[in-house]
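protein.tsv (TSV, N, CA and C atoms)
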```tsv
chain	number	residue	atom	x	y	z
T	1	MET	N	-16.16	-15.14	16.04
T	1	MET	CA	-15.55	-14.04	15.33
T	1	MET	C	-16.13	-13.96	13.92
T	2	MET	N	-16.51	-12.75	13.54
T	2	MET	CA	-17.08	-12.54	12.22
T	2	MET	C	-15.98	-12.48	11.18
T	3	LYS	N	-16.28	-13.01	10.02
T	3	LYS	CA	-15.30	-12.96	8.94
T	3	LYS	C	-15.70	-11.87	7.95
T	4	TYR	N	-14.73	-11.05	7.60
T	4	TYR	CA	-14.96	-9.97	6.65
T	4	TYR	C	-14.11	-10.19	5.42
T	5	LYS	N	-14.67	-9.82	4.30
T	5	LYS	CA	-13.90	-9.82	3.05
T	5	LYS	C	-13.22	-8.47	2.97
T	6	LEU	N	-11.91	-8.46	3.14
T	6	LEU	CA	-11.15	-7.22	3.11
T	6	LEU	C	-10.76	-6.85	1.69
T	7	LYS	N	-10.87	-5.59	1.38
T	7	LYS	CA	-10.44	-5.09	0.07
T	7	LYS	C	-8.92	-5.13	0.02
T	8	THR	N	-8.39	-5.55	-1.10
T	8	THR	CA	-6.95	-5.48	-1.34
T	8	THR	C	-6.70	-4.23	-2.17
T	9	TYR	N	-5.87	-3.35	-1.66
T	9	TYR	CA	-5.55	-2.13	-2.38
T	9	TYR	C	-4.42	-2.40	-3.37
T	10	SER	N	-4.34	-1.59	-4.41
T	10	SER	CA	-3.39	-1.84	-5.50
T	10	SER	C	-1.95	-1.92	-5.01
T	11	PHE	N	-1.58	-1.10	-4.03
T	11	PHE	CA	-0.19	-1.12	-3.57
T	11	PHE	C	0.18	-2.45	-2.94
T	12	GLU	N	-0.79	-3.15	-2.37
T	12	GLU	CA	-0.51	-4.44	-1.73
T	12	GLU	C	-0.08	-5.51	-2.72
T	13	ASN	N	-0.41	-5.30	-3.99
T	13	ASN	CA	-0.02	-6.24	-5.04
T	13	ASN	C	1.35	-5.95	-5.64
T	14	LEU	N	1.92	-4.80	-5.29
T	14	LEU	CA	3.23	-4.44	-5.83
T	14	LEU	C	4.34	-5.25	-5.16
T	15	LEU	N	5.14	-5.91	-5.96
T	15	LEU	CA	6.27	-6.68	-5.43
T	15	LEU	C	7.21	-5.78	-4.63
T	16	VAL	N	7.42	-4.56	-5.11
T	16	VAL	CA	8.32	-3.65	-4.41
T	16	VAL	C	7.76	-3.27	-3.03
T	17	TRP	N	6.45	-3.13	-2.92
T	17	TRP	CA	5.85	-2.84	-1.61
T	17	TRP	C	6.05	-4.04	-0.68
T	18	GLN	N	5.81	-5.24	-1.20
T	18	GLN	CA	5.97	-6.45	-0.39
T	18	GLN	C	7.40	-6.60	0.11
T	19	LYS	N	8.36	-6.38	-0.78
T	19	LYS	CA	9.77	-6.52	-0.39
T	19	LYS	C	10.20	-5.40	0.56
T	20	SER	N	9.69	-4.20	0.37
T	20	SER	CA	10.06	-3.10	1.27
T	20	SER	C	9.44	-3.29	2.65
T	21	ARG	N	8.32	-3.93	2.71
T	21	ARG	CA	7.69	-4.26	4.00
T	21	ARG	C	8.56	-5.25	4.78
T	22	VAL	N	9.07	-6.25	4.11
T	22	VAL	CA	9.98	-7.22	4.73
T	22	VAL	C	11.26	-6.52	5.17
T	23	LEU	N	11.78	-5.63	4.33
T	23	LEU	CA	12.99	-4.89	4.64
T	23	LEU	C	12.78	-4.04	5.90
T	24	ALA	N	11.65	-3.37	6.00
T	24	ALA	CA	11.36	-2.54	7.18
T	24	ALA	C	11.37	-3.38	8.45
T	25	LYS	N	10.79	-4.56	8.38
T	25	LYS	CA	10.78	-5.46	9.54
T	25	LYS	C	12.21	-5.83	9.95
T	26	GLU	N	13.05	-6.11	8.96
T	26	GLU	CA	14.44	-6.46	9.25
T	26	GLU	C	15.19	-5.28	9.87
T	27	ILE	N	14.92	-4.08	9.39
T	27	ILE	CA	15.58	-2.90	9.95
T	27	ILE	C	15.17	-2.73	11.41
T	28	TYR	N	13.91	-2.94	11.71
T	28	TYR	CA	13.46	-2.87	13.11
T	28	TYR	C	14.19	-3.91	13.95
T	29	GLU	N	14.36	-5.10	13.41
T	29	GLU	CA	15.04	-6.16	14.16
T	29	GLU	C	16.51	-5.83	14.40
T	30	ILE	N	17.23	-5.38	13.38
T	30	ILE	CA	18.66	-5.12	13.59
T	30	ILE	C	18.89	-3.90	14.46
T	31	THR	N	18.04	-2.89	14.33
T	31	THR	CA	18.24	-1.68	15.14
T	31	THR	C	17.89	-1.92	16.61
T	32	SER	N	17.19	-2.99	16.89
T	32	SER	CA	16.88	-3.30	18.30
T	32	SER	C	18.14	-3.71	19.05
T	33	THR	N	19.22	-4.01	18.31
T	33	THR	CA	20.50	-4.38	18.95
T	33	THR	C	21.45	-3.19	19.05
T	34	PHE	N	21.07	-2.04	18.51
T	34	PHE	CA	21.93	-0.85	18.55
T	34	PHE	C	22.04	-0.36	19.99
T	35	PRO	N	23.10	0.38	20.28
T	35	PRO	CA	23.25	0.92	21.64
T	35	PRO	C	22.04	1.78	22.04
T	36	LYS	N	21.70	1.74	23.30
T	36	LYS	CA	20.53	2.47	23.80
T	36	LYS	C	20.65	3.98	23.54
T	37	GLU	N	21.89	4.51	23.57
T	37	GLU	CA	22.04	5.95	23.33
T	37	GLU	C	21.70	6.34	21.89
T	38	GLU	N	21.53	5.36	21.00
T	38	GLU	CA	21.14	5.62	19.60
T	38	GLU	C	19.63	5.56	19.41
T	39	LEU	N	18.88	5.31	20.47
T	39	LEU	CA	17.43	5.15	20.34
T	39	LEU	C	16.78	6.32	19.61
T	40	PHE	N	17.18	7.54	19.97
T	40	PHE	CA	16.59	8.72	19.34
T	40	PHE	C	17.45	9.27	18.21
T	41	GLY	N	18.52	8.55	17.88
T	41	GLY	CA	19.41	8.94	16.80
T	41	GLY	C	19.26	7.98	15.64
T	42	MET	N	20.28	7.18	15.43
T	42	MET	CA	20.32	6.30	14.27
T	42	MET	C	19.19	5.26	14.26
T	43	THR	N	18.87	4.70	15.40
T	43	THR	CA	17.79	3.70	15.46
T	43	THR	C	16.50	4.29	14.92
T	44	SER	N	16.13	5.44	15.45
T	44	SER	CA	14.90	6.10	15.04
T	44	SER	C	14.95	6.49	13.56
T	45	GLN	N	16.05	7.03	13.12
T	45	GLN	CA	16.19	7.49	11.74
T	45	GLN	C	16.10	6.33	10.75
T	46	MET	N	16.80	5.23	11.05
T	46	MET	CA	16.76	4.08	10.14
T	46	MET	C	15.37	3.48	10.09
T	47	ARG	N	14.70	3.45	11.21
T	47	ARG	CA	13.33	2.91	11.23
T	47	ARG	C	12.39	3.79	10.41
T	48	ARG	N	12.53	5.11	10.57
T	48	ARG	CA	11.66	6.02	9.81
T	48	ARG	C	11.91	5.88	8.31
T	49	CYS	N	13.16	5.77	7.91
T	49	CYS	CA	13.47	5.60	6.48
T	49	CYS	C	12.87	4.31	5.94
T	50	SER	N	13.04	3.25	6.69
T	50	SER	CA	12.56	1.95	6.21
T	50	SER	C	11.04	1.93	6.08
T	51	ILE	N	10.35	2.58	7.00
T	51	ILE	CA	8.89	2.65	6.96
T	51	ILE	C	8.43	3.59	5.84
T	52	SER	N	9.23	4.59	5.54
T	52	SER	CA	8.88	5.56	4.52
T	52	SER	C	8.74	4.93	3.13
T	53	ILE	N	9.50	3.90	2.87
T	53	ILE	CA	9.47	3.29	1.54
T	53	ILE	C	8.09	2.69	1.24
T	54	PRO	N	7.61	1.71	2.02
T	54	PRO	CA	6.29	1.17	1.70
T	54	PRO	C	5.16	2.18	1.94
T	55	SER	N	5.36	3.10	2.90
T	55	SER	CA	4.32	4.09	3.18
T	55	SER	C	4.12	5.03	1.99
T	56	ASN	N	5.20	5.46	1.36
T	56	ASN	CA	5.07	6.34	0.20
T	56	ASN	C	4.48	5.60	-1.00
T	57	LEU	N	4.77	4.33	-1.12
T	57	LEU	CA	4.14	3.55	-2.19
T	57	LEU	C	2.63	3.46	-1.96
T	58	ALA	N	2.25	3.25	-0.71
T	58	ALA	CA	0.82	3.17	-0.38
T	58	ALA	C	0.14	4.51	-0.66
T	59	GLU	N	0.74	5.59	-0.16
T	59	GLU	CA	0.15	6.91	-0.36
T	59	GLU	C	0.09	7.28	-1.83
T	60	GLY	N	1.15	7.00	-2.56
T	60	GLY	CA	1.19	7.32	-3.98
T	60	GLY	C	0.13	6.58	-4.78
T	61	SER	N	-0.22	5.39	-4.33
T	61	SER	CA	-1.22	4.60	-5.07
T	61	SER	C	-2.59	5.27	-5.06
T	62	SER	N	-2.80	6.20	-4.14
T	62	SER	CA	-4.10	6.88	-4.06
T	62	SER	C	-4.19	8.07	-5.01
T	63	ARG	N	-3.09	8.45	-5.61
T	63	ARG	CA	-3.08	9.60	-6.50
T	63	ARG	C	-3.71	9.27	-7.85
T	64	ARG	N	-4.28	10.28	-8.45
T	64	ARG	CA	-5.03	10.06	-9.69
T	64	ARG	C	-4.13	9.95	-10.92
T	65	THR	N	-3.09	10.77	-10.98
T	65	THR	CA	-2.25	10.74	-12.19
T	65	THR	C	-0.99	9.92	-11.96
T	66	ASN	N	-0.49	9.38	-13.03
T	66	ASN	CA	0.76	8.61	-12.92
T	66	ASN	C	1.93	9.50	-12.55
T	67	LYS	N	1.88	10.76	-12.96
T	67	LYS	CA	2.94	11.71	-12.60
T	67	LYS	C	2.97	11.89	-11.07
T	68	ASP	N	1.79	12.02	-10.46
T	68	ASP	CA	1.73	12.13	-8.99
T	68	ASP	C	2.19	10.84	-8.31
T	69	LYS	N	1.79	9.71	-8.86
T	69	LYS	CA	2.22	8.42	-8.31
T	69	LYS	C	3.74	8.30	-8.38
T	70	ALA	N	4.31	8.73	-9.51
T	70	ALA	CA	5.76	8.65	-9.71
T	70	ALA	C	6.49	9.53	-8.70
T	71	ARG	N	5.90	10.63	-8.31
T	71	ARG	CA	6.54	11.52	-7.32
T	71	ARG	C	6.69	10.80	-5.98
T	72	PHE	N	5.67	10.06	-5.57
T	72	PHE	CA	5.75	9.31	-4.31
T	72	PHE	C	6.73	8.14	-4.43
T	73	THR	N	6.82	7.55	-5.61
T	73	THR	CA	7.81	6.50	-5.84
T	73	THR	C	9.21	7.09	-5.74
T	74	GLU	N	9.39	8.30	-6.25
T	74	GLU	CA	10.67	8.99	-6.16
T	74	GLU	C	11.05	9.26	-4.70
T	75	ILE	N	10.08	9.66	-3.90
T	75	ILE	CA	10.32	9.90	-2.47
T	75	ILE	C	10.73	8.59	-1.78
T	76	ALA	N	10.05	7.50	-2.14
T	76	ALA	CA	10.40	6.19	-1.58
T	76	ALA	C	11.83	5.82	-1.95
T	77	PHE	N	12.22	6.10	-3.19
T	77	PHE	CA	13.59	5.82	-3.65
T	77	PHE	C	14.58	6.62	-2.82
T	78	GLY	N	14.29	7.89	-2.59
T	78	GLY	CA	15.16	8.73	-1.77
T	78	GLY	C	15.31	8.18	-0.37
T	79	SER	N	14.23	7.68	0.19
T	79	SER	CA	14.30	7.08	1.52
T	79	SER	C	15.17	5.84	1.50
T	80	GLY	N	15.13	5.09	0.40
T	80	GLY	CA	15.99	3.92	0.26
T	80	GLY	C	17.46	4.29	0.26
T	81	LEU	N	17.82	5.36	-0.43
T	81	LEU	CA	19.22	5.80	-0.46
T	81	LEU	C	19.64	6.38	0.89
T	82	GLU	N	18.73	7.06	1.55
T	82	GLU	CA	19.04	7.56	2.90
T	82	GLU	C	19.29	6.38	3.84
T	83	LEU	N	18.47	5.34	3.71
T	83	LEU	CA	18.66	4.14	4.52
T	83	LEU	C	20.00	3.48	4.21
T	84	LEU	N	20.39	3.44	2.94
T	84	LEU	CA	21.69	2.87	2.57
T	84	LEU	C	22.82	3.64	3.26
T	85	ASN	N	22.75	4.95	3.24
T	85	ASN	CA	23.77	5.76	3.89
T	85	ASN	C	23.86	5.42	5.38
T	86	GLN	N	22.73	5.29	6.03
T	86	GLN	CA	22.72	4.99	7.47
T	86	GLN	C	23.21	3.57	7.74
T	87	LEU	N	22.92	2.67	6.83
T	87	LEU	CA	23.40	1.30	6.95
T	87	LEU	C	24.93	1.27	6.88
T	88	ILE	N	25.51	2.04	5.96
T	88	ILE	CA	26.96	2.12	5.82
T	88	ILE	C	27.58	2.69	7.11
T	89	ILE	N	26.96	3.74	7.65
T	89	ILE	CA	27.47	4.33	8.89
T	89	ILE	C	27.33	3.36	10.05
T	90	ALA	N	26.23	2.61	10.10
T	90	ALA	CA	26.06	1.60	11.15
T	90	ALA	C	27.17	0.56	11.08
T	91	LEU	N	27.58	0.20	9.87
T	91	LEU	CA	28.71	-0.72	9.69
T	91	LEU	C	30.00	-0.07	10.18
T	92	ASP	N	30.21	1.19	9.80
T	92	ASP	CA	31.41	1.91	10.23
T	92	ASP	C	31.52	1.98	11.75
T	93	LEU	N	30.38	2.10	12.41
T	93	LEU	CA	30.36	2.22	13.88
T	93	LEU	C	30.33	0.86	14.58
T	94	ASN	N	30.41	-0.22	13.78
T	94	ASN	CA	30.35	-1.59	14.30
T	94	ASN	C	29.05	-1.92	15.01
T	95	TYR	N	27.96	-1.27	14.58
T	95	TYR	CA	26.64	-1.59	15.13
T	95	TYR	C	26.07	-2.85	14.50
T	96	ILE	N	26.57	-3.16	13.28
T	96	ILE	CA	26.16	-4.39	12.61
T	96	ILE	C	27.40	-5.07	12.04
T	97	GLU	N	27.29	-6.37	11.90
T	97	GLU	CA	28.39	-7.14	11.31
T	97	GLU	C	28.34	-7.01	9.79
T	98	GLU	N	29.48	-7.19	9.18
T	98	GLU	CA	29.56	-7.04	7.73
T	98	GLU	C	28.63	-8.01	7.00
T	99	SER	N	28.50	-9.22	7.49
T	99	SER	CA	27.62	-10.19	6.82
T	99	SER	C	26.17	-9.72	6.83
T	100	LYS	N	25.73	-9.13	7.94
T	100	LYS	CA	24.36	-8.61	8.04
T	100	LYS	C	24.20	-7.38	7.15
T	101	TYR	N	25.22	-6.54	7.14
T	101	TYR	CA	25.23	-5.37	6.26
T	101	TYR	C	25.04	-5.79	4.80
T	102	LEU	N	25.81	-6.77	4.36
T	102	LEU	CA	25.73	-7.23	2.98
T	102	LEU	C	24.36	-7.84	2.67
T	103	GLU	N	23.84	-8.60	3.60
T	103	GLU	CA	22.52	-9.23	3.43
T	103	GLU	C	21.44	-8.16	3.24
T	104	ILE	N	21.47	-7.15	4.07
T	104	ILE	CA	20.46	-6.10	3.99
T	104	ILE	C	20.70	-5.21	2.79
T	105	ARG	N	21.95	-4.93	2.49
T	105	ARG	CA	22.25	-4.09	1.32
T	105	ARG	C	21.74	-4.72	0.03
T	106	ILE	N	21.88	-6.02	-0.09
T	106	ILE	CA	21.38	-6.72	-1.28
T	106	ILE	C	19.86	-6.57	-1.37
T	107	LYS	N	19.17	-6.71	-0.26
T	107	LYS	CA	17.70	-6.56	-0.26
T	107	LYS	C	17.31	-5.12	-0.58
T	108	LEU	N	18.04	-4.18	-0.03
T	108	LEU	CA	17.77	-2.77	-0.29
T	108	LEU	C	18.04	-2.44	-1.76
T	109	GLN	N	19.10	-2.99	-2.30
T	109	GLN	CA	19.42	-2.78	-3.72
T	109	GLN	C	18.29	-3.28	-4.60
T	110	GLU	N	17.75	-4.44	-4.26
T	110	GLU	CA	16.64	-4.99	-5.04
T	110	GLU	C	15.43	-4.05	-4.96
T	111	VAL	N	15.15	-3.53	-3.77
T	111	VAL	CA	14.02	-2.61	-3.61
T	111	VAL	C	14.25	-1.34	-4.43
T	112	THR	N	15.45	-0.78	-4.38
T	112	THR	CA	15.69	0.46	-5.13
T	112	THR	C	15.64	0.23	-6.64
T	113	PHE	N	16.09	-0.93	-7.11
T	113	PHE	CA	15.98	-1.25	-8.54
T	113	PHE	C	14.51	-1.33	-8.95
T	114	LEU	N	13.70	-1.97	-8.11
T	114	LEU	CA	12.27	-2.09	-8.39
T	114	LEU	C	11.58	-0.73	-8.35
T	115	LEU	N	11.98	0.11	-7.41
T	115	LEU	CA	11.42	1.46	-7.33
T	115	LEU	C	11.75	2.26	-8.60
T	116	ASP	N	12.98	2.16	-9.05
T	116	ASP	CA	13.41	2.85	-10.26
T	116	ASP	C	12.59	2.39	-11.46
T	117	ALA	N	12.41	1.09	-11.59
T	117	ALA	CA	11.64	0.53	-12.71
T	117	ALA	C	10.18	0.97	-12.62
T	118	LEU	N	9.63	0.98	-11.41
T	118	LEU	CA	8.24	1.40	-11.23
T	118	LEU	C	8.07	2.86	-11.63
T	119	GLN	N	8.98	3.71	-11.19
T	119	GLN	CA	8.87	5.13	-11.51
T	119	GLN	C	8.97	5.35	-13.03
T	120	LYS	N	9.87	4.66	-13.68
T	120	LYS	CA	9.99	4.78	-15.13
T	120	LYS	C	8.69	4.36	-15.83
T	121	ALA	N	8.11	3.27	-15.35
T	121	ALA	CA	6.85	2.79	-15.93
T	121	ALA	C	5.72	3.79	-15.69
T	122	GLN	N	5.68	4.37	-14.50
T	122	GLN	CA	4.64	5.35	-14.20
T	122	GLN	C	4.77	6.57	-15.09
T	123	LEU	N	5.99	7.04	-15.29
T	123	LEU	CA	6.20	8.24	-16.11
T	123	LEU	C	5.93	7.96	-17.60
T	124	LYS	N	6.16	6.73	-18.01
T	124	LYS	CA	5.92	6.35	-19.41
T	124	LYS	C	4.43	6.35	-19.73
T	125	GLN	N	3.61	6.09	-18.73
T	125	GLN	CA	2.16	5.99	-18.92
T	125	GLN	C	1.49	7.36	-19.02
T	126	GLU	N	2.21	8.42	-18.69
T	126	GLU	CA	1.60	9.77	-18.70
T	126	GLU	C	1.24	10.18	-20.10
```
Would you kindly transcribe this structure into structure tokens?
Amino acid sequence: MMKYKLKTYSFENLLVWQKSRVLAKEIYEITSTFPKEELFGMTSQMRRCSISIPSNLAEGSSRRTNKDKARFTEIAFGSGLELLNQLIIALDLNYIEESKYLEIRIKLQEVTFLLDALQKAQLKQE
């Protein structure tokens, strides 16, 4: 097998991207236990939201201006809040236990705090 030196893109160095990637994996794991009738409902929606966070950070990193980058960070933040809403509803429907809800909510809170700080820093640089 040939070894290649892979380029590391700027978004890969962001702590918020790294943490949101871990969060997305956890959302995939917990939603795999949701009822089968939710496959195209809440399961799909929560997975899309969780993937949207690191994906928007990656896409935003390709933008030339900090204002454009901040817009993608804002979209990622919105996806985080949408995910929080769905997490609360999943708890209400007893799809997840309260302890798992709290564990994920704390991780999501950390991601949204980091997103907020990143967006503020991006807008300050304009």
> Of the candidates T:Met42, T:Ile27, T:Ala58, T:Ile88, which one gets nearest to Asn13 in chain T if we count only C-alpha atoms?
Replying inline: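 Counting only C-alpha atoms, the residue closest to Asn13 in chain T is T:Ala58.
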Take every atom of range 36-43 of chain T listed in the file, fit an axis-aligned box around them, add 5 Å per side, and give the centre and edge lengths in Å to one decimal as lines of an AutoDock Vina configuration file.
```
center_x = 19.3
center_y = 5.5
center_z = 19.0
size_x = 15.5
size_y = 17.5
size_z = 19.5
```
> Which residue gives the smallest distance to Ala70 in chain T among T:Ser10, T:Asn94, T:Gln119, T:Gln125, with only N, CA and C atoms counted?
Replying inline: T:Gln119
> Between atom N of Thr73 in chain T and CA of Glu59 in chain T, what is the spacing in Å?
Replying inline: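 Spanning CA of Glu59 in chain T to atom N of Thr73 in chain T is a straight-line distance of 8.5 Å.
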>> Could you tell me how far atom C of Trp17 in chain T sits from CA of Asn66 in chain T, in Å to one decimal place?
In response: 18.4 Å
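The shortest atom-to-atom distance to Glu82 in chain T, with all atoms listed in the file taken into account, belongs to T:Ser50 out of T:Lys124, T:Ser50, T:Val16, T:Leu39.
Atom C of Tyr28 in chain T is positioned 28.1 Å from CA of Lys69 in chain T.
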> What's the 12 Å shell around Phe11 in chain T, counting only C-alpha atoms, without same-chain residues fewer than 4 positions away, as number ranges by chain?
Replying inline: T: 7, 15-21, 53-63, 69, 73, 118
> Nearest to Ile104 in chain T among T:Glu12, T:Lys25, T:Lys5, T:Ser44, with distances taken over only C-alpha atoms: which residue is it?
Replying inline: T:Lys25
>> Quick one: residues within 6 Å of range 33-37 of chain T, only N, CA and C atoms, excluding same-chain residues fewer than 4 positions away - as a ChimeraX atom specification?
In response: /T:29,41,95
Those selected residues, please, written with N, CA and C atoms and delivered as a JSON list (two decimals), in the coordinates of the input.
```json
[["chain", "number", "residue", "atom", "x", "y", "z"],
["T", 29, "GLU", "N", 14.36, -5.10, 13.41],
["T", 29, "GLU", "CA", 15.04, -6.16, 14.16],
["T", 29, "GLU", "C", 16.51, -5.83, 14.40],
["T", 41, "GLY", "N", 18.52, 8.55, 17.88],
["T", 41, "GLY", "CA", 19.41, 8.94, 16.80],
["T", 41, "GLY", "C", 19.26, 7.98, 15.64],
["T", 95, "TYR", "N", 27.96, -1.27, 14.58],
["T", 95, "TYR", "CA", 26.64, -1.59, 15.13],
["T", 95, "TYR", "C", 26.07, -2.85, 14.50]]
```
> Of the candidates T:Arg105, T:Ile30, T:Arg48, T:Leu114, which one gets nearest to Leu84 in chain T if we count only N, CA and C atoms?
Replying inline: T:Arg105
>> For a quick check of understanding, using only N, CA and C atoms, which of T:Ser52, T:Glu26, T:Arg64, T:Tyr101 has the smallest distance to Ser79 in chain T?
In response: T:Ser52
Residues within 8 Å of Thr112 in chain T, please, as a short mmCIF file (atom, residue, chain, number, x, y, z; two decimals) with N, CA and C atoms, in the frame of the given file. Count only N, CA and C atoms; anything in the same chain fewer than 2 positions from it doesn't count.
```cif
data_model
loop_
_atom_site.label_atom_id
_atom_site.label_comp_id
_atom_site.auth_asym_id
_atom_site.auth_seq_id
_atom_site.Cartn_x
_atom_site.Cartn_y
_atom_site.Cartn_z
N VAL T 16 7.42 -4.56 -5.11
CA VAL T 16 8.32 -3.65 -4.41
C VAL T 16 7.76 -3.27 -3.03
N ALA T 76 10.05 7.50 -2.14
CA ALA T 76 10.40 6.19 -1.58
C ALA T 76 11.83 5.82 -1.95
N PHE T 77 12.22 6.10 -3.19
CA PHE T 77 13.59 5.82 -3.65
C PHE T 77 14.58 6.62 -2.82
N GLY T 78 14.29 7.89 -2.59
CA GLY T 78 15.16 8.73 -1.77
C GLY T 78 15.31 8.18 -0.37
N GLY T 80 15.13 5.09 0.40
CA GLY T 80 15.99 3.92 0.26
C GLY T 80 17.46 4.29 0.26
N LEU T 81 17.82 5.36 -0.43
CA LEU T 81 19.22 5.80 -0.46
C LEU T 81 19.64 6.38 0.89
N ILE T 106 21.88 -6.02 -0.09
CA ILE T 106 21.38 -6.72 -1.28
C ILE T 106 19.86 -6.57 -1.37
N LYS T 107 19.17 -6.71 -0.26
CA LYS T 107 17.70 -6.56 -0.26
C LYS T 107 17.31 -5.12 -0.58
N LEU T 108 18.04 -4.18 -0.03
CA LEU T 108 17.77 -2.77 -0.29
C LEU T 108 18.04 -2.44 -1.76
N GLN T 109 19.10 -2.99 -2.30
CA GLN T 109 19.42 -2.78 -3.72
C GLN T 109 18.29 -3.28 -4.60
N GLU T 110 17.75 -4.44 -4.26
CA GLU T 110 16.64 -4.99 -5.04
C GLU T 110 15.43 -4.05 -4.96
N LEU T 114 13.70 -1.97 -8.11
CA LEU T 114 12.27 -2.09 -8.39
C LEU T 114 11.58 -0.73 -8.35
N LEU T 115 11.98 0.11 -7.41
CA LEU T 115 11.42 1.46 -7.33
C LEU T 115 11.75 2.26 -8.60
N ASP T 116 12.98 2.16 -9.05
CA ASP T 116 13.41 2.85 -10.26
C ASP T 116 12.59 2.39 -11.46
N ALA T 117 12.41 1.09 -11.59
CA ALA T 117 11.64 0.53 -12.71
C ALA T 117 10.18 0.97 -12.62
N LEU T 118 9.63 0.98 -11.41
CA LEU T 118 8.24 1.40 -11.23
C LEU T 118 8.07 2.86 -11.63
#
```
>> For the helix (DSSP H, G or I) assignment from backbone DSSP, which residues of chain T qualify? Please present them as number ranges by chain.
In response: T: 10-13, 15-31, 36-60, 66-92, 98-124
